[in-house]
Structure formats: structure tokens, C-alpha cells
Amino acid sequence: ETGVTQSPTHLIKTRGQQVTLRCSSQSGHNTVSWYQQALGQGPQFIFQYYREEENGRGNFPPRFSGLQFPNYSSELNVNALELDDSALYLCASRPQGGRRITEAFFGQGTRLTVV
Amino acid sequence: SQQGEEDPQALSIQEGENATMNCSYKTSINNLQWYRQNSGRGLVHLILIRSNEREKHSGRLRVTLDTSKKSSSLLITASRAADTASYFCATDVDRNTDKLIFGTGTRLQVFP
């Protein structure tokens with residue numbers, strides 16, 4: 001157990017709908033990143049939040065957005081869902097501090113299926 | 001896009017044998033990390049090697065890094081059935097963010 005929790009674990013949505021995924025970071029971690037993992041692929045970086053602000057983004061369209069709250073929990077929102085958005089969405093947190101070399105602590109993920 | 005490739009894509013061995021997985025990447029890195037994933041669930045960190053290190057050990061794990069060849073290898077010695085999982089390398093390339101770029105993964109099956 002990494003101490004990073006995600007909800008829900010599974011979700012089925014219809015194309016065109018909107019979805020919100022949630023992540024609770026490990027205690028003491030103020031940086032959270034979100035990744036999308038398609039079946040049979042490695043995770044791909046969506047974006048990162050540090051102290052409630054987005055400070056890094058991967059190659060994902062604006063319909064992927066996020067929030068980080070004062071307690072460092074986070075949300076990933078996806079609008080206008082497409083079939084290709086079906087994937088495992090992973091949240092990862094890292095300890096606070098300056099630029100440091102540490103591993104990421106991942107949650108168990110949310111399996112999103114778009115039909 | 002993926003940073004690079006992992007080789008082999010799939011590996012099947014018997015318990016007690018060693019498993020070696022290779023990872024190649026494309027750009028300069030700050031560090032390289034290996035993660036394990038069981039059955040499409042969350043990733044678990046195994047080991048981190050910095051760009052100025054060449055080899056690192058952790059229990060039954062041995063990681064090497066060759067920055068001149070932009071490659072790394074993960075060796076699991078005396079494998080166990082419980083080692084069955086997918087293994088990913090991830091490169092830390094951006095000093096301004098915590099972005100990790102993952103490889104395509106190696107699926108390891110260890111038969112009892």
C-alpha cells in the first residue's frame with residue numbers, strides 16, 4: 001500500500017459525457033501527477049499539480065483538466081468523452097520539497113470504460 | 001509518446017531462474033526508475049538509479065545504466081512465481097516537473 005487512494009475503481013461512461021476521477025495523496029506529499037495507461041501500453045503523463053497549480057502537462061487536449069485542493073487531494077476531469085479515453089487512469093504523488101530525486105507513489109488506478 | 005522500448009515484450013521462465021529485462025530511451029535523463037505492475041493495477045516502485053550511477057542493487061534486483069548507449073537493464077535473480085507482473089522503466093527527464101516517461105513494459109511470467 002502506497003497511501004495514495006483513488007476513486008472510483010471502475011467506471012463506465014457513454015461517449016460525450018463528462019467524468020471526474022479523484023485521488024487522495026499520501027500524507028506529506030504536495031505534488032500529484034496523473035497518467036493515462038491504455039491497454040498493453042505504458043502510462044502516459046497527463047499533467048502535474050504542485051501547490052494547487054498545474055505546472056506541467058503532457059500531450060493531452062484541453063478537455064483533460066484537473067484540480068488540486070488545499071489538502072493536496074486532486075481531481076481529473078475529462079469532458080466530451082471519446083472511446084479512446086477508455087484506459088486505466090493513475091494518480092501519483094511525491095514528497096514535498098524542492099527539486100529532489102524520489103520515486104513516485106501510485107494509487108491503484110481507476111479503470112474507465114467509454115461506450 | 002513513449003520514451004523508448006523495453007525488451008523483451010514478454011518473458012516466461014521457471015522459478016529459480018534469473019530474468020533480465022532491457023530498456024532503451026531516447027533523451028538525456030536525470031534518473032531512471034523501474035516499476036512493477038500486477039494485473040493492470042497500480043505501479044509499485046522498485047528501484048531508482050541516478051544518471052551518474054552505473055549499477056545499483058536492492059535485494060534480488062540489480063539495475064545497470066549505460067547513459068552512453070541510453071539503456072538500462074533490470075535483473076531479477078532467483079525468480080519466484082510472485083514476481084509474475086509487468087515491469088516498466090521510467091525516465092525522469094524534466095528538471096522542472098515530476099514527469100516520468102514510461103517504456104512499453106515487459107510482461108514476466110514465472111512458472112512454479
# chains A, B, ... in the order shown; residues from 1 in each chain; ligands from 1
>>> interface_residues(of="chain B", to="chain A", cutoff="6 Å", atoms="only C-alpha atoms", output="list in words")
Arg41, Gly42, Leu43, Phe102, Gly103 and Thr104 of chain B
>>> write_last_selection(atoms="all heavy atoms", output="PDB file, in the first residue's frame")
ATOM      1  N   ARG B  41      -3.075  -3.062 -12.347  1.00  0.00           N
ATOM      2  CA  ARG B  41      -3.365  -2.244 -11.168  1.00  0.00           C
ATOM      3  C   ARG B  41      -2.294  -1.172 -11.017  1.00  0.00           C
ATOM      4  O   ARG B  41      -1.655  -0.797 -11.990  1.00  0.00           O
ATOM      5  CB  ARG B  41      -3.448  -3.144  -9.940  1.00  0.00           C
ATOM      6  CG  ARG B  41      -4.495  -4.255 -10.092  1.00  0.00           C
ATOM      7  CD  ARG B  41      -4.786  -4.931  -8.790  1.00  0.00           C
ATOM      8  NE  ARG B  41      -5.421  -4.012  -7.844  1.00  0.00           N
ATOM      9  CZ  ARG B  41      -5.648  -4.312  -6.573  1.00  0.00           C
ATOM     10  NH1 ARG B  41      -5.254  -5.467  -6.086  1.00  0.00           N
ATOM     11  NH2 ARG B  41      -6.238  -3.451  -5.765  1.00  0.00           N
ATOM     12  N   GLY B  42      -2.138  -0.645  -9.795  1.00  0.00           N
ATOM     13  CA  GLY B  42      -1.196   0.450  -9.598  1.00  0.00           C
ATOM     14  C   GLY B  42       0.245   0.010  -9.765  1.00  0.00           C
ATOM     15  O   GLY B  42       0.575  -1.173  -9.720  1.00  0.00           O
ATOM     16  N   LEU B  43       1.097   0.992  -9.972  1.00  0.00           N
ATOM     17  CA  LEU B  43       2.519   0.745 -10.142  1.00  0.00           C
ATOM     18  C   LEU B  43       3.223   0.807  -8.793  1.00  0.00           C
ATOM     19  O   LEU B  43       2.935   1.672  -7.969  1.00  0.00           O
ATOM     20  CB  LEU B  43       3.117   1.796 -11.074  1.00  0.00           C
ATOM     21  CG  LEU B  43       2.629   1.726 -12.513  1.00  0.00           C
ATOM     22  CD1 LEU B  43       2.738   3.072 -13.166  1.00  0.00           C
ATOM     23  CD2 LEU B  43       3.425   0.698 -13.279  1.00  0.00           C
ATOM     24  N   PHE B 102       7.407   6.619 -19.460  1.00  0.00           N
ATOM     25  CA  PHE B 102       7.465   5.165 -19.306  1.00  0.00           C
ATOM     26  C   PHE B 102       7.747   4.466 -20.619  1.00  0.00           C
ATOM     27  O   PHE B 102       7.369   4.936 -21.694  1.00  0.00           O
ATOM     28  CB  PHE B 102       6.135   4.640 -18.743  1.00  0.00           C
ATOM     29  CG  PHE B 102       5.951   4.914 -17.287  1.00  0.00           C
ATOM     30  CD1 PHE B 102       5.473   6.136 -16.851  1.00  0.00           C
ATOM     31  CD2 PHE B 102       6.268   3.948 -16.348  1.00  0.00           C
ATOM     32  CE1 PHE B 102       5.312   6.402 -15.495  1.00  0.00           C
ATOM     33  CE2 PHE B 102       6.105   4.194 -14.992  1.00  0.00           C
ATOM     34  CZ  PHE B 102       5.628   5.420 -14.568  1.00  0.00           C
ATOM     35  N   GLY B 103       8.391   3.318 -20.491  1.00  0.00           N
ATOM     36  CA  GLY B 103       8.566   2.437 -21.628  1.00  0.00           C
ATOM     37  C   GLY B 103       7.314   1.613 -21.853  1.00  0.00           C
ATOM     38  O   GLY B 103       6.294   1.792 -21.184  1.00  0.00           O
ATOM     39  N   THR B 104       7.416   0.681 -22.761  1.00  0.00           N
ATOM     40  CA  THR B 104       6.262  -0.125 -23.161  1.00  0.00           C
ATOM     41  C   THR B 104       6.050  -1.339 -22.270  1.00  0.00           C
ATOM     42  O   THR B 104       5.008  -1.960 -22.332  1.00  0.00           O
ATOM     43  CB  THR B 104       6.439  -0.595 -24.608  1.00  0.00           C
ATOM     44  OG1 THR B 104       7.737  -1.187 -24.736  1.00  0.00           O
ATOM     45  CG2 THR B 104       6.325   0.578 -25.570  1.00  0.00           C
TER      46      THR B 104
END
>>> residues_around(residues="A:Phe69", least_positions_apart="2", cutoff="10 Å", atoms="only C-alpha atoms", output="PyMOL selection string")
chain A and resi 24+30+49+51-53+67+71-75
>>> residues_around(residues="B:Ser86", least_positions_apart="2", cutoff="9 Å", atoms="only C-alpha atoms", output="PDB file with N, CA and C atoms, in the first residue's frame")
ATOM      1  N   ALA B  10       7.700  -9.870 -23.736  1.00  0.00           N
ATOM      2  CA  ALA B  10       7.192 -10.887 -22.828  1.00  0.00           C
ATOM      3  C   ALA B  10       8.298 -11.888 -22.541  1.00  0.00           C
ATOM      4  N   TYR B  35       9.509   0.150 -12.304  1.00  0.00           N
ATOM      5  CA  TYR B  35       8.262  -0.066 -11.599  1.00  0.00           C
ATOM      6  C   TYR B  35       7.697  -1.432 -11.975  1.00  0.00           C
ATOM      7  N   ARG B  36       6.897  -1.950 -11.102  1.00  0.00           N
ATOM      8  CA  ARG B  36       6.218  -3.224 -11.309  1.00  0.00           C
ATOM      9  C   ARG B  36       4.722  -2.978 -11.248  1.00  0.00           C
ATOM     10  N   GLN B  37       3.974  -3.722 -12.095  1.00  0.00           N
ATOM     11  CA  GLN B  37       2.523  -3.577 -12.114  1.00  0.00           C
ATOM     12  C   GLN B  37       1.905  -4.957 -12.171  1.00  0.00           C
ATOM     13  N   ASN B  38       1.048  -5.245 -11.226  1.00  0.00           N
ATOM     14  CA  ASN B  38       0.324  -6.512 -11.184  1.00  0.00           C
ATOM     15  C   ASN B  38      -1.038  -6.338 -11.837  1.00  0.00           C
ATOM     16  N   SER B  39      -1.309  -7.148 -12.849  1.00  0.00           N
ATOM     17  CA  SER B  39      -2.645  -7.276 -13.438  1.00  0.00           C
ATOM     18  C   SER B  39      -3.358  -5.945 -13.650  1.00  0.00           C
ATOM     19  N   GLY B  40      -2.692  -4.974 -14.286  1.00  0.00           N
ATOM     20  CA  GLY B  40      -3.342  -3.722 -14.627  1.00  0.00           C
ATOM     21  C   GLY B  40      -3.746  -2.881 -13.438  1.00  0.00           C
ATOM     22  N   THR B  84       5.684 -12.653 -11.015  1.00  0.00           N
ATOM     23  CA  THR B  84       4.878 -12.516 -12.224  1.00  0.00           C
ATOM     24  C   THR B  84       4.161 -11.181 -12.223  1.00  0.00           C
ATOM     25  N   PHE B  88       8.111  -1.953 -15.864  1.00  0.00           N
ATOM     26  CA  PHE B  88       8.278  -0.764 -16.693  1.00  0.00           C
ATOM     27  C   PHE B  88       9.499   0.029 -16.237  1.00  0.00           C
ATOM     28  N   GLY B 105       7.029  -1.667 -21.450  1.00  0.00           N
ATOM     29  CA  GLY B 105       6.855  -2.723 -20.464  1.00  0.00           C
ATOM     30  C   GLY B 105       7.255  -4.112 -20.945  1.00  0.00           C
ATOM     31  N   THR B 106       7.647  -4.917 -19.978  1.00  0.00           N
ATOM     32  CA  THR B 106       7.932  -6.342 -20.207  1.00  0.00           C
ATOM     33  C   THR B 106       7.001  -7.145 -19.314  1.00  0.00           C
ATOM     34  N   ARG B 107       6.279  -8.084 -19.923  1.00  0.00           N
ATOM     35  CA  ARG B 107       5.392  -8.959 -19.133  1.00  0.00           C
ATOM     36  C   ARG B 107       6.161 -10.209 -18.754  1.00  0.00           C
ATOM     37  N   LEU B 108       6.380 -10.365 -17.475  1.00  0.00           N
ATOM     38  CA  LEU B 108       7.140 -11.512 -16.960  1.00  0.00           C
ATOM     39  C   LEU B 108       6.183 -12.532 -16.371  1.00  0.00           C
ATOM     40  N   GLN B 109       6.347 -13.781 -16.795  1.00  0.00           N
ATOM     41  CA  GLN B 109       5.586 -14.906 -16.229  1.00  0.00           C
ATOM     42  C   GLN B 109       6.589 -15.882 -15.638  1.00  0.00           C
TER      43      GLN B 109
END
>>> closest_residue(among="A:Ser25, A:Ser65, A:Thr14, A:Thr20", to="A:Ser86", atoms="only C-alpha atoms")
A:Thr14
>>> closest_residue(among="A:Gln18, A:Val115, A:Cys23, A:Asp84", to="A:Gly3", atoms="only C-alpha atoms")
A:Cys23
>>> closest_atom_pairs(of="stretch 50-78 of chain B", to="stretch 17-27 of chain B", cutoff="7 Å", atoms="only C-alpha atoms", output="JSON lines")
{"residue": "B:Lys70", "atom": "CA", "partner": "B:Tyr25", "partner_atom": "CA", "distance": 5.5}
{"residue": "B:Ser71", "atom": "CA", "partner": "B:Ser24", "partner_atom": "CA", "distance": 4.3}
{"residue": "B:Ser72", "atom": "CA", "partner": "B:Cys23", "partner_atom": "CA", "distance": 5.1}
{"residue": "B:Ser73", "atom": "CA", "partner": "B:Asn22", "partner_atom": "CA", "distance": 4.3}
{"residue": "B:Leu74", "atom": "CA", "partner": "B:Met21", "partner_atom": "CA", "distance": 5.2}
{"residue": "B:Leu75", "atom": "CA", "partner": "B:Thr20", "partner_atom": "CA", "distance": 4.5}
{"residue": "B:Ile76", "atom": "CA", "partner": "B:Ala19", "partner_atom": "CA", "distance": 5.1}
{"residue": "B:Thr77", "atom": "CA", "partner": "B:Asn18", "partner_atom": "CA", "distance": 4.5}
{"residue": "B:Ala78", "atom": "CA", "partner": "B:Glu17", "partner_atom": "CA", "distance": 5.2}
>>> residues_around(residues="B:Arg54", least_positions_apart="4", cutoff="10 Å", atoms="only C-alpha atoms", output="list in words")
Ile49, Arg50, Val63, Thr64, Leu65, Asp66, Thr67 and Ser72 of chain B
>>> select_by_dssp(residues="chain B", states="strand (DSSP E)", output="ChimeraX atom specification")
/B:5-7,10-14,19-24,31-37,43-50,55-58,61-66,71-76,85-92,100-102,106-111
>>> atom_distance(atom1="atom CA of A:Arg22", atom2="atom CA of A:His10")
11.8 Å
